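**Q** query-v5.cif is reproduced below (mmCIF, C-alpha atoms).
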data_structure
#
loop_
_atom_site.label_atom_id
_atom_site.label_comp_id
_atom_site.auth_asym_id
_atom_site.auth_seq_id
_atom_site.Cartn_x
_atom_site.Cartn_y
_atom_site.Cartn_z
CA MET A 1 -136.20 -28.92 59.68
CA SER A 2 -137.91 -32.05 60.96
CA VAL A 3 -140.29 -31.79 63.88
CA VAL A 4 -138.97 -33.73 66.88
CA LEU A 5 -141.53 -32.83 69.54
CA ARG A 6 -145.11 -31.73 69.12
CA ALA A 7 -147.61 -30.94 71.86
CA ASP A 8 -151.09 -30.64 70.42
CA SER A 9 -154.42 -29.45 71.88
CA ILE A 10 -153.08 -29.54 75.40
CA GLY A 11 -155.51 -28.64 78.17
CA LYS A 12 -154.89 -28.60 81.87
CA SER A 13 -156.77 -27.42 84.94
CA PHE A 14 -155.66 -27.28 88.53
CA GLY A 15 -158.84 -27.51 90.54
CA ARG A 16 -161.14 -24.83 89.17
CA ARG A 17 -158.31 -22.89 87.59
CA ARG A 18 -157.96 -23.61 83.91
CA VAL A 19 -154.34 -22.97 82.97
CA LEU A 20 -154.28 -24.37 79.44
CA THR A 21 -157.27 -24.73 77.16
CA SER A 22 -155.76 -25.69 73.82
CA ALA A 23 -152.03 -25.16 73.64
CA TYR A 24 -149.86 -26.21 70.74
CA PHE A 25 -146.19 -26.02 70.03
CA GLU A 26 -143.62 -27.93 68.10
CA ALA A 27 -139.86 -28.16 68.33
CA SER A 28 -137.72 -28.85 65.31
CA ALA A 29 -134.30 -30.42 65.09
CA GLY A 30 -131.58 -27.81 65.07
CA ALA A 31 -133.82 -24.98 66.26
CA VAL A 32 -134.46 -23.14 69.50
CA THR A 33 -138.12 -22.49 70.31
CA ALA A 34 -138.94 -19.93 72.99
CA LEU A 35 -142.16 -20.26 74.99
CA VAL A 36 -142.98 -16.87 76.47
CA GLY A 37 -145.91 -15.56 78.41
CA ARG A 38 -146.87 -13.79 81.59
CA ASN A 39 -146.53 -15.39 85.02
CA GLY A 40 -149.14 -18.11 85.39
CA ALA A 41 -149.70 -18.38 81.64
CA GLY A 42 -148.81 -22.07 81.78
CA LYS A 43 -145.31 -22.19 80.29
CA SER A 44 -143.90 -24.52 82.92
CA THR A 45 -147.08 -26.57 82.94
CA LEU A 46 -146.86 -27.04 79.19
CA LEU A 47 -143.22 -28.11 79.40
CA ARG A 48 -143.97 -30.53 82.22
CA ILE A 49 -146.79 -32.05 80.19
CA ALA A 50 -144.55 -32.31 77.13
CA ALA A 51 -141.95 -34.12 79.26
CA GLY A 52 -144.59 -36.46 80.68
CA TRP A 53 -144.05 -35.24 84.23
CA ILE A 54 -147.70 -34.32 84.68
CA ALA A 55 -150.73 -35.56 82.81
CA ALA A 56 -152.76 -33.26 80.60
CA ASP A 57 -156.53 -33.22 80.79
CA HIS A 58 -156.57 -33.60 77.04
CA GLY A 59 -154.23 -33.42 74.09
CA LEU A 60 -151.32 -35.47 72.91
CA VAL A 61 -147.56 -35.35 72.82
CA GLU A 62 -145.65 -36.62 69.83
CA LEU A 63 -141.93 -37.37 70.04
CA HIS A 64 -140.08 -38.64 66.96
CA GLY A 65 -143.44 -39.33 65.37
CA ARG A 66 -144.63 -41.53 68.22
CA ARG A 67 -147.88 -40.35 69.74
CA HIS A 68 -148.39 -40.40 73.48
CA LEU A 69 -151.85 -39.73 74.89
CA ARG A 70 -150.52 -40.42 78.38
CA PRO A 71 -146.80 -39.70 78.02
CA ASP A 72 -144.54 -41.81 80.20
CA PRO A 73 -141.60 -39.63 81.30
CA ALA A 74 -139.23 -42.58 81.41
CA ALA A 75 -140.17 -43.64 77.87
CA LEU A 76 -139.71 -40.09 76.59
CA ALA A 77 -136.36 -39.87 78.39
CA ASN A 78 -135.29 -43.13 76.77
CA ASP A 79 -136.28 -41.67 73.41
CA GLY A 80 -133.90 -38.75 73.86
CA LEU A 81 -135.91 -36.09 75.69
CA VAL A 82 -134.34 -34.28 78.61
CA PHE A 83 -136.28 -31.83 80.77
CA VAL A 84 -134.45 -29.43 83.09
CA PRO A 85 -137.05 -27.94 85.46
CA ILE A 86 -136.73 -24.75 87.47
CA ASP A 87 -138.58 -25.69 90.64
CA ARG A 88 -136.67 -28.89 91.41
CA SER A 89 -133.12 -29.95 90.70
CA LEU A 90 -131.99 -32.93 88.67
CA LEU A 91 -129.00 -33.20 90.99
CA SER A 92 -129.09 -35.19 94.21
CA PRO A 93 -127.40 -33.08 96.91
CA PRO A 94 -125.47 -35.88 98.70
CA PHE A 95 -123.76 -37.03 95.51
CA THR A 96 -120.94 -35.37 93.62
CA LEU A 97 -121.31 -34.01 90.12
CA ALA A 98 -118.87 -36.70 88.96
CA GLN A 99 -121.14 -39.44 90.32
CA HIS A 100 -124.06 -37.99 88.38
CA LEU A 101 -121.96 -37.79 85.23
CA ASP A 102 -120.76 -41.37 85.77
CA ALA A 103 -124.36 -42.49 85.91
CA VAL A 104 -125.27 -40.67 82.69
CA GLU A 105 -122.25 -42.16 80.93
CA ALA A 106 -122.98 -45.63 82.25
CA ARG A 107 -126.56 -45.36 81.07
CA PHE A 108 -126.17 -43.66 77.69
CA GLY A 109 -122.51 -44.01 76.84
CA GLY A 110 -119.76 -41.50 77.34
CA GLY A 111 -117.83 -39.06 75.27
CA GLY A 112 -116.98 -35.40 75.53
CA ARG A 113 -117.35 -35.14 79.27
CA ALA A 114 -114.26 -32.98 79.80
CA ALA A 115 -115.21 -30.72 76.89
CA VAL A 116 -118.75 -30.23 78.22
CA LEU A 117 -117.52 -29.35 81.70
CA GLU A 118 -114.87 -27.04 80.31
CA ARG A 119 -117.38 -25.33 78.03
CA LEU A 120 -119.73 -24.68 80.95
CA GLY A 121 -116.89 -23.59 83.23
CA ILE A 122 -117.52 -26.21 85.88
CA ALA A 123 -114.56 -28.56 85.37
CA ALA A 124 -113.25 -27.67 88.83
CA LEU A 125 -116.56 -28.64 90.43
CA GLU A 126 -116.60 -32.23 89.24
CA ARG A 127 -115.67 -33.64 92.65
CA ALA A 128 -117.87 -31.24 94.60
CA ARG A 129 -120.99 -32.42 96.32
CA CYS A 130 -124.04 -31.00 94.58
CA ALA A 131 -125.29 -29.61 97.90
CA SER A 132 -122.39 -27.17 97.82
CA LEU A 133 -123.14 -25.74 94.36
CA SER A 134 -124.53 -22.24 94.00
CA GLY A 135 -127.68 -21.60 91.96
CA GLY A 136 -125.75 -20.69 88.83
CA GLU A 137 -123.36 -23.62 89.20
CA ARG A 138 -126.29 -25.96 89.69
CA ARG A 139 -127.95 -24.73 86.48
CA ARG A 140 -124.73 -25.24 84.54
CA ALA A 141 -124.22 -28.66 86.12
CA GLU A 142 -127.74 -29.69 85.15
CA LEU A 143 -127.09 -28.50 81.62
CA ALA A 144 -123.87 -30.54 81.61
CA LEU A 145 -125.84 -33.66 82.53
CA ALA A 146 -128.33 -32.91 79.79
CA LEU A 147 -125.65 -32.31 77.15
CA LEU A 148 -123.65 -35.39 78.13
CA ARG A 149 -126.75 -37.43 77.45
CA ARG A 150 -126.72 -36.00 73.88
CA PRO A 151 -130.48 -35.41 73.77
CA SER A 152 -132.52 -35.12 70.63
CA CYS A 153 -134.91 -32.79 72.46
CA LEU A 154 -134.00 -30.50 75.33
CA LEU A 155 -136.63 -28.68 77.41
CA LEU A 156 -135.26 -25.90 79.60
CA ASP A 157 -137.57 -24.19 82.06
CA GLU A 158 -136.30 -20.66 82.75
CA PRO A 159 -132.62 -21.52 82.20
CA PHE A 160 -131.51 -17.88 82.57
CA ARG A 161 -133.28 -17.08 85.82
CA GLY A 162 -130.91 -15.93 88.52
CA ILE A 163 -127.83 -16.39 86.36
CA ASP A 164 -125.12 -13.74 86.33
CA PRO A 165 -124.42 -11.95 83.00
CA ARG A 166 -121.20 -13.82 82.20
CA ASP A 167 -122.83 -17.20 82.71
CA VAL A 168 -125.82 -16.08 80.66
CA GLU A 169 -123.50 -15.66 77.67
CA VAL A 170 -122.06 -19.13 78.24
CA LEU A 171 -125.53 -20.67 78.52
CA GLN A 172 -126.70 -18.86 75.39
CA ALA A 173 -123.72 -20.16 73.45
CA VAL A 174 -124.20 -23.69 74.75
CA VAL A 175 -127.89 -23.67 73.84
CA ARG A 176 -127.02 -22.51 70.33
CA GLU A 177 -124.34 -25.20 70.04
CA ALA A 178 -126.81 -27.87 71.14
CA ALA A 179 -129.23 -26.71 68.46
CA GLY A 180 -126.37 -26.58 65.99
CA ALA A 181 -125.68 -30.23 66.73
CA GLY A 182 -129.24 -31.10 65.73
CA CYS A 183 -131.02 -30.95 69.07
CA ALA A 184 -134.53 -29.49 69.28
CA VAL A 185 -134.40 -26.99 72.13
CA VAL A 186 -137.41 -25.46 73.87
CA LEU A 187 -136.91 -22.86 76.56
CA THR A 188 -139.01 -20.52 78.65
CA GLY A 189 -138.30 -17.42 80.68
CA HIS A 190 -138.90 -13.73 81.17
CA GLU A 191 -135.42 -12.48 80.24
CA ILE A 192 -136.87 -11.49 76.92
CA SER A 193 -133.80 -9.92 75.28
CA THR A 194 -131.67 -12.90 76.27
CA ILE A 195 -134.27 -15.34 75.02
CA LEU A 196 -134.98 -13.58 71.74
CA ALA A 197 -131.23 -13.46 71.07
CA VAL A 198 -130.96 -17.21 71.23
CA ALA A 199 -134.32 -18.30 69.77
CA ASP A 200 -135.22 -19.21 66.21
CA SER A 201 -138.95 -19.02 66.80
CA VAL A 202 -141.23 -17.62 69.48
CA VAL A 203 -144.48 -19.03 70.81
CA TRP A 204 -146.63 -16.78 72.98
CA LEU A 205 -148.80 -18.34 75.64
CA ARG A 206 -151.84 -16.35 76.71
CA ASP A 207 -155.37 -17.10 77.82
CA GLY A 208 -154.62 -20.80 77.94
CA THR A 209 -153.64 -21.07 74.33
CA THR A 210 -150.61 -20.45 72.15
CA GLN A 211 -149.82 -18.16 69.29
CA ALA A 212 -146.83 -18.82 67.05
CA LEU A 213 -145.18 -15.46 66.44
CA GLY A 214 -142.48 -16.61 64.02
CA SER A 215 -138.91 -15.41 64.31
CA PRO A 216 -137.78 -13.13 67.16
CA ALA A 217 -137.78 -10.20 64.72
CA GLN A 218 -141.35 -10.95 63.72
CA ALA A 219 -142.33 -11.35 67.38
CA ALA A 220 -140.82 -7.99 68.23
CA GLU A 221 -142.92 -6.41 65.48
CA ASP A 222 -146.19 -8.02 66.57
CA TRP A 223 -148.22 -5.22 68.18
CA ARG A 224 -150.38 -7.59 70.26
CA PHE A 225 -147.29 -9.24 71.69
CA ARG A 226 -145.64 -5.89 72.27
CA ARG A 227 -148.66 -4.54 74.09
CA GLY A 228 -149.81 -7.73 75.82
CA TYR A 229 -146.46 -9.07 76.98
CA LEU A 230 -143.64 -6.62 76.48
CA GLY A 231 -145.70 -3.73 77.81
CA VAL A 232 -144.55 -1.48 74.98
CA ARG A 233 -147.17 1.01 73.76
CA MET B 1 -127.76 -36.63 68.75
CA SER B 2 -128.65 -39.86 70.45
CA PRO B 3 -130.84 -42.38 68.66
CA PRO B 4 -134.10 -43.31 70.36
CA ARG B 5 -133.81 -46.19 72.82
CA SER B 6 -136.50 -48.52 73.96
CA GLY B 7 -137.01 -51.30 76.45
CA ALA B 8 -136.14 -51.46 80.14
CA PRO B 9 -132.67 -50.05 80.70
CA PRO B 10 -130.23 -52.14 82.73
CA LEU B 11 -129.36 -50.97 86.22
CA VAL B 12 -125.85 -49.66 85.84
CA LEU B 13 -125.77 -46.89 88.42
CA PRO B 14 -123.68 -48.17 91.31
CA HIS B 15 -123.78 -45.06 93.52
CA PHE B 16 -127.48 -44.42 93.23
CA THR B 17 -128.57 -48.06 93.33
CA ARG B 18 -126.41 -48.76 96.37
CA SER B 19 -127.76 -45.71 98.13
CA ILE B 20 -131.39 -46.60 97.51
CA LEU B 21 -130.95 -50.26 98.47
CA ALA B 22 -128.99 -49.46 101.64
CA ARG B 23 -131.50 -46.83 102.71
CA SER B 24 -134.37 -49.19 102.04
CA LEU B 25 -132.76 -51.87 104.23
CA LEU B 26 -132.20 -49.33 106.99
CA VAL B 27 -135.82 -48.19 106.89
CA TRP B 28 -136.95 -51.82 106.84
CA ALA B 29 -134.87 -52.56 109.96
CA PHE B 30 -136.37 -49.55 111.71
CA VAL B 31 -139.95 -50.42 110.77
CA ARG B 32 -139.42 -54.09 111.67
CA ALA B 33 -137.97 -53.13 115.05
CA ALA B 34 -140.96 -50.88 115.66
CA ALA B 35 -143.33 -53.70 114.69
CA VAL B 36 -141.58 -56.15 117.03
CA ALA B 37 -141.62 -53.63 119.87
CA GLY B 38 -145.28 -52.85 119.24
CA THR B 39 -146.21 -56.53 119.19
CA ALA B 40 -144.28 -57.21 122.40
CA ALA B 41 -145.93 -54.25 124.12
CA ALA B 42 -149.39 -55.37 123.02
CA GLU B 43 -148.72 -58.93 124.21
CA ALA B 44 -147.53 -57.65 127.57
CA ALA B 45 -150.56 -55.39 127.95
CA LEU B 46 -152.95 -58.22 127.08
CA ARG B 47 -150.98 -60.69 129.23
CA LEU B 48 -150.54 -63.04 126.30
CA PRO B 49 -147.61 -65.45 126.14
CA PRO B 50 -144.73 -63.88 124.17
CA SER B 51 -144.59 -65.01 120.56
CA ASN B 52 -141.60 -65.33 118.27
CA PRO B 53 -140.57 -61.70 117.74
CA LEU B 54 -139.61 -62.40 114.13
CA ALA B 55 -142.97 -63.92 113.23
CA LEU B 56 -145.36 -61.50 111.56
CA SER B 57 -148.59 -62.34 109.79
CA PRO B 58 -148.39 -62.07 105.99
CA TYR B 59 -150.57 -58.95 106.09
CA ALA B 60 -148.34 -57.33 108.71
CA ALA B 61 -145.26 -58.20 106.62
CA LEU B 62 -146.88 -56.60 103.57
CA LEU B 63 -147.70 -53.56 105.67
CA VAL B 64 -144.03 -53.33 106.66
CA VAL B 65 -143.06 -53.43 102.98
CA ALA B 66 -145.66 -50.75 102.18
CA VAL B 67 -144.31 -48.49 104.91
CA VAL B 68 -140.76 -49.03 103.60
CA CYS B 69 -141.95 -48.08 100.09
CA ALA B 70 -143.69 -44.94 101.31
CA ALA B 71 -140.72 -43.82 103.41
CA GLY B 72 -138.25 -44.71 100.65
CA TRP B 73 -140.23 -42.70 98.12
CA VAL B 74 -140.28 -39.68 100.42
CA PHE B 75 -136.50 -39.93 100.89
CA ALA B 76 -135.94 -40.32 97.14
CA ARG B 77 -138.02 -37.21 96.45
CA ARG B 78 -136.27 -35.18 99.12
CA ARG B 79 -132.90 -36.11 97.62
CA ASN B 80 -134.08 -35.52 94.00
CA GLU B 81 -133.08 -39.07 93.14
CA ASP B 82 -136.52 -39.65 91.62
CA LEU B 83 -136.01 -36.89 89.03
CA PHE B 84 -132.47 -37.88 88.22
CA LEU B 85 -133.41 -41.52 87.70
CA LEU B 86 -136.44 -40.43 85.66
CA THR B 87 -134.13 -38.38 83.45
CA LEU B 88 -132.06 -41.52 82.95
CA GLY B 89 -135.15 -43.40 81.84
CA TYR B 90 -135.96 -45.29 85.02
CA GLY B 91 -139.70 -44.97 85.54
CA ARG B 92 -141.48 -44.55 88.84
CA ALA B 93 -142.56 -48.20 88.95
CA ARG B 94 -138.96 -49.30 88.47
CA GLN B 95 -137.80 -46.94 91.20
CA MET B 96 -140.49 -48.21 93.55
CA GLY B 97 -139.37 -51.75 92.75
CA MET B 98 -135.83 -50.84 93.76
CA ILE B 99 -137.10 -49.41 97.03
CA ALA B 100 -139.35 -52.39 97.78
CA ALA B 101 -136.93 -55.14 96.73
CA PRO B 102 -134.73 -55.33 99.87
CA ALA B 103 -137.72 -55.35 102.22
CA LEU B 104 -139.52 -57.96 100.14
CA VAL B 105 -136.45 -60.20 99.96
CA VAL B 106 -135.73 -60.03 103.69
CA GLU B 107 -139.37 -60.55 104.65
CA ALA B 108 -139.57 -63.54 102.30
CA ALA B 109 -136.32 -64.94 103.75
CA ILE B 110 -137.61 -64.60 107.32
CA ALA B 111 -140.94 -66.23 106.40
CA LEU B 112 -139.14 -69.14 104.71
CA ALA B 113 -136.74 -69.58 107.63
CA LEU B 114 -139.62 -69.60 110.11
CA ALA B 115 -141.59 -72.07 108.01
CA ALA B 116 -138.59 -74.38 107.79
CA SER B 117 -137.85 -74.31 111.53
#
Can the structure from this file be put into structure tokens for me?
**A**
Amino acid sequence: MSVVLRADSIGKSFGRRRVLTSAYFEASAGAVTALVGRNGAGKSTLLRIAAGWIAADHGLVELHGRRHLRPDPAALANDGLVFVPIDRSLLSPPFTLAQHLDAVEARFGGGGRAAVLERLGIAALERARCASLSGGERRRAELALALLRRPSCLLLDEPFRGIDPRDVEVLQAVVREAAGAGCAVVLTGHEISTILAVADSVVWLRDGTTQALGSPAQAAEDWRFRRGYLGVR
Amino acid sequence: MSPPRSGAPPLVLPHFTRSILARSLLVWAFVRAAAVAGTAAAEAALRLPPSNPLALSPYAALLVVAVVCAAGWVFARRRNEDLFLLTLGYGRARQMGMIAAPALVVEAAIALALAAS
């Protein structure tokens, strides 16, 4: 599998608090990479740096072989990267979902809109204003925008947080389908069984750095990970 | 999966572009009205002869544009338009240009009209 996105030697401090010292991860085409770690470990920070939304203190981001010391989020977006954050929405509340989808199609070309909406179970919400969407509907609508863009790299920050069990299954299937279509998917979260079920590889963030744990089965066998993150003795 | 794209994307987002431009014009009108009112009040307080209410110094006009940009950026952030446009590949400089453009054009038009009269 070819590496689509690579974040190398990433360091980041907020004031005196050093969140990342030397973090590394890579995302390959057709694979789902899970970034896991305790609260405050720097998962979201690392994703935001990889998407160019915030600047790292040091390190570089490589997308499709192009190196970015100071990644420009617009340039990365134009190169096929889509980041779906957890703390802010990609959707503008006064506009309808259809208007957002129109914009994505106008910008990147259309195709498969009805199928994407149907797959995510939000076809009936197309004409609804985004302000009226629930949390779960908003997450699915954001994923619809991302999929309609047909990204080569999809970064999902805590996609399963606050989602009801039935929608979790849908999101899991959609993430797997995106990877199956060749997209490099990176996701974070604390819903560990849900995440391990969908991931191909696991990266553990701790003490400002990363540790590649291999497949979910290998991660589940790693005693440091079990003790340090899962809390299993 | 989509092939990589490069270069400045064309503006093909009617809803979002219209919204940003209209809001920018509205903010400009509000700031301009405040500037005119402030100037008139200052002239009255200093007992100066009233000047043309449309005439602003170039620095004051630039300040009006700067205020429009700042307010427009705050509105765009509150409405998440900045993130959505970023996701579509429109960088922050481009977005700021969209916010500033109406105010710049109208201020330039007023300055030209005053110079010609």
**Q** Which residue is closest to A:Gly136? Choose from A:Pro151, A:Pro165, A:Pro216, A:Pro85 and count only C-alpha atoms.
**A**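 Among A:Pro151, A:Pro165, A:Pro216, A:Pro85, it is A:Pro165 that comes nearest to A:Gly136.
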**Q** Find the residue from A:Glu26, A:Asp72, A:Asp222, A:Glu137 that sits nearest to B:Arg92; use all atoms listed in the file when measuring.
**A**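 Of the candidates, the smallest distance to B:Arg92 is held by A:Asp72.
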**Q** If you measure from atom CA of A:Val32 to atom CA of A:Ser201, what distance in Å do you get, rounded to one decimal?
**A** 6.7 Å
**Q** Report as an MDAnalysis selection string all protein, DNA and RNA residues lying within 7 Å of A:Gly30, evaluated on only C-alpha atoms, omitting residues in the same chain fewer than 3 positions from it.
**A** chainID A and resid 179:184
**Q** Could you work out which residues of chain A fall inside 8 Å of chain B? Count all atoms listed in the file, and format the result as a ChimeraX atom specification.
**A** /A:72-80,82-83,88-94,99,102-104,106-107,149-152,181-183
**Q** Could you work out how far atom CA of A:Gly112 lies from atom CA of A:Val174, giving the answer in Å with one decimal?
**A**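 Atom CA of A:Gly112 lies 13.8 Å from atom CA of A:Val174.
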**Q** Written as a list in words, what is the full residue list that the PyMOL selection byres ((chain A and resi 228) around 12) yields on the file shown?
**A**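 On this input, the PyMOL selection byres ((chain A and resi 228) around 12) captures Val36, Gly37, Arg38, Trp204, Leu205, Arg206, Asp207, Ala219, Ala220, Asp222, Trp223, Arg224, Phe225, Arg226, Arg227, Tyr229, Leu230, Gly231, Val232 and Arg233 of chain A.
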**Q** Hey, can you check how far atom CA of A:Ser44 sits from atom CA of A:Thr21?
**A** 14.6 Å
**Q** Report as a PyMOL selection string the full result of the PyMOL selection byres ((chain A and resi 11) around 12) when it is applied to this structure.
**A** chain A and resi 7-10+12-14+17-24+42+45-46+49-50+54-61+207-210
**Q** Could you list the residues chosen by the PyMOL selection byres ((chain A and resi 148) around 9) in this structure as a VMD selection string?
**A** chain A and resid 101 104 to 105 108 to 113 116 143 to 147 149 to 151
**Q** Of the candidates A:Arg176, A:His68, A:His100, A:His190, which shows the shortest atom-to-atom distance to A:Phe160, using only C-alpha atoms?
**A**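 Of all the options, A:His190 lies closest to A:Phe160.
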**Q** Show me the residues around (-116.7, -30.6, 83.7) - criterion: an atom at most 10 Å away, all atoms listed in the file counted - as a ChimeraX atom specification.
**A** /A:97-98,101,112-127,140-141,144-145
**Q** Between A:Val202, A:Ala41, A:Ala217, A:Val4, single out the one closest to A:Ala27, counting only C-alpha atoms.
**A**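 For A:Ala27, the nearest of the given residues is A:Val4.
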**Q** Please, which residues are within 8 Å of (-138.7, -45.9, 98.2) by the file's coordinates, counting all atoms listed in the file, and could they come as a ChimeraX atom specification?
**A** /B:20,24,68-76,95-96,98-100
**Q** Please write the residues from the selection above to a file, keeping C-alpha atoms, as a JSON list (two decimals), in the frame of the given file.
**A**
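File again_39.json, as written:
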[["chain", "number", "residue", "atom", "x", "y", "z"],
["B", 20, "ILE", "CA", -131.39, -46.60, 97.51],
["B", 24, "SER", "CA", -134.37, -49.19, 102.04],
["B", 68, "VAL", "CA", -140.76, -49.03, 103.60],
["B", 69, "CYS", "CA", -141.95, -48.08, 100.09],
["B", 70, "ALA", "CA", -143.69, -44.94, 101.31],
["B", 71, "ALA", "CA", -140.72, -43.82, 103.41],
["B", 72, "GLY", "CA", -138.25, -44.71, 100.65],
["B", 73, "TRP", "CA", -140.23, -42.70, 98.12],
["B", 74, "VAL", "CA", -140.28, -39.68, 100.42],
["B", 75, "PHE", "CA", -136.50, -39.93, 100.89],
["B", 76, "ALA", "CA", -135.94, -40.32, 97.14],
["B", 95, "GLN", "CA", -137.80, -46.94, 91.20],
["B", 96, "MET", "CA", -140.49, -48.21, 93.55],
["B", 98, "MET", "CA", -135.83, -50.84, 93.76],
["B", 99, "ILE", "CA", -137.10, -49.41, 97.03],
["B", 100, "ALA", "CA", -139.35, -52.39, 97.78]]
**Q** Stretch 33-35 of chain B: which residues within 10 Å, counting all atoms listed in the file, same-chain residues fewer than 3 positions away excluded, as JSON, numbers by chain?
**A** {"B": [27, 28, 29, 30, 38, 39, 40, 41, 53, 54, 56, 60, 61, 64]}
**Q** Write out as a list in words the residues lying within 6 Å of A:Thr96, counting all atoms listed in the file and excluding same-chain residues fewer than 5 positions away.
**A** Arg127, Ala128, Arg129 and Cys130 of chain A
**Q** Go through A:Ala212, A:Val198, A:Ile86, A:Leu63 and flag the residue nearest A:Ala51, using all atoms listed in the file for the distances.
**A** A:Leu63
**Q** Export stretch 35-51 of chain A, N, CA and C atoms, as a compact mmCIF listing (two decimals), in the first residue's frame; it's the structure right above.
**A**
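Just written: part-v6.txt:
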# COMPACT_ATOMS: atom_id res chain seq x y z
N LEU A 35 -5.57 6.54 15.49
CA LEU A 35 -4.69 7.23 16.45
C LEU A 35 -5.39 7.18 17.79
N VAL A 36 -4.81 6.48 18.74
CA VAL A 36 -5.44 6.39 20.06
C VAL A 36 -4.49 6.90 21.13
N GLY A 37 -5.07 7.29 22.22
CA GLY A 37 -4.28 7.82 23.33
C GLY A 37 -5.20 8.44 24.35
N ARG A 38 -4.65 8.71 25.52
CA ARG A 38 -5.48 9.26 26.59
C ARG A 38 -5.86 10.70 26.27
N ASN A 39 -6.82 11.23 27.02
CA ASN A 39 -7.22 12.62 26.84
C ASN A 39 -6.01 13.52 27.02
N GLY A 40 -5.85 14.46 26.10
CA GLY A 40 -4.72 15.39 26.19
C GLY A 40 -3.43 14.83 25.63
N ALA A 41 -3.47 13.64 25.05
CA ALA A 41 -2.25 13.04 24.50
C ALA A 41 -1.80 13.76 23.23
N GLY A 42 -2.71 14.46 22.57
CA GLY A 42 -2.34 15.21 21.38
C GLY A 42 -2.88 14.64 20.09
N LYS A 43 -3.89 13.79 20.17
CA LYS A 43 -4.45 13.19 18.96
C LYS A 43 -5.04 14.26 18.03
N SER A 44 -5.91 15.08 18.60
CA SER A 44 -6.54 16.12 17.78
C SER A 44 -5.51 17.12 17.28
N THR A 45 -4.56 17.44 18.15
CA THR A 45 -3.50 18.38 17.74
C THR A 45 -2.73 17.82 16.55
N LEU A 46 -2.40 16.54 16.62
CA LEU A 46 -1.64 15.92 15.54
C LEU A 46 -2.45 15.93 14.24
N LEU A 47 -3.73 15.65 14.33
CA LEU A 47 -4.57 15.67 13.13
C LEU A 47 -4.67 17.09 12.56
N ARG A 48 -4.83 18.05 13.44
CA ARG A 48 -4.94 19.44 12.98
C ARG A 48 -3.65 19.91 12.31
N ILE A 49 -2.53 19.45 12.84
CA ILE A 49 -1.24 19.79 12.21
C ILE A 49 -1.14 19.10 10.85
N ALA A 50 -1.54 17.85 10.81
CA ALA A 50 -1.46 17.10 9.54
C ALA A 50 -2.36 17.72 8.47
N ALA A 51 -3.46 18.35 8.92
CA ALA A 51 -4.38 18.99 7.96
C ALA A 51 -3.96 20.43 7.65
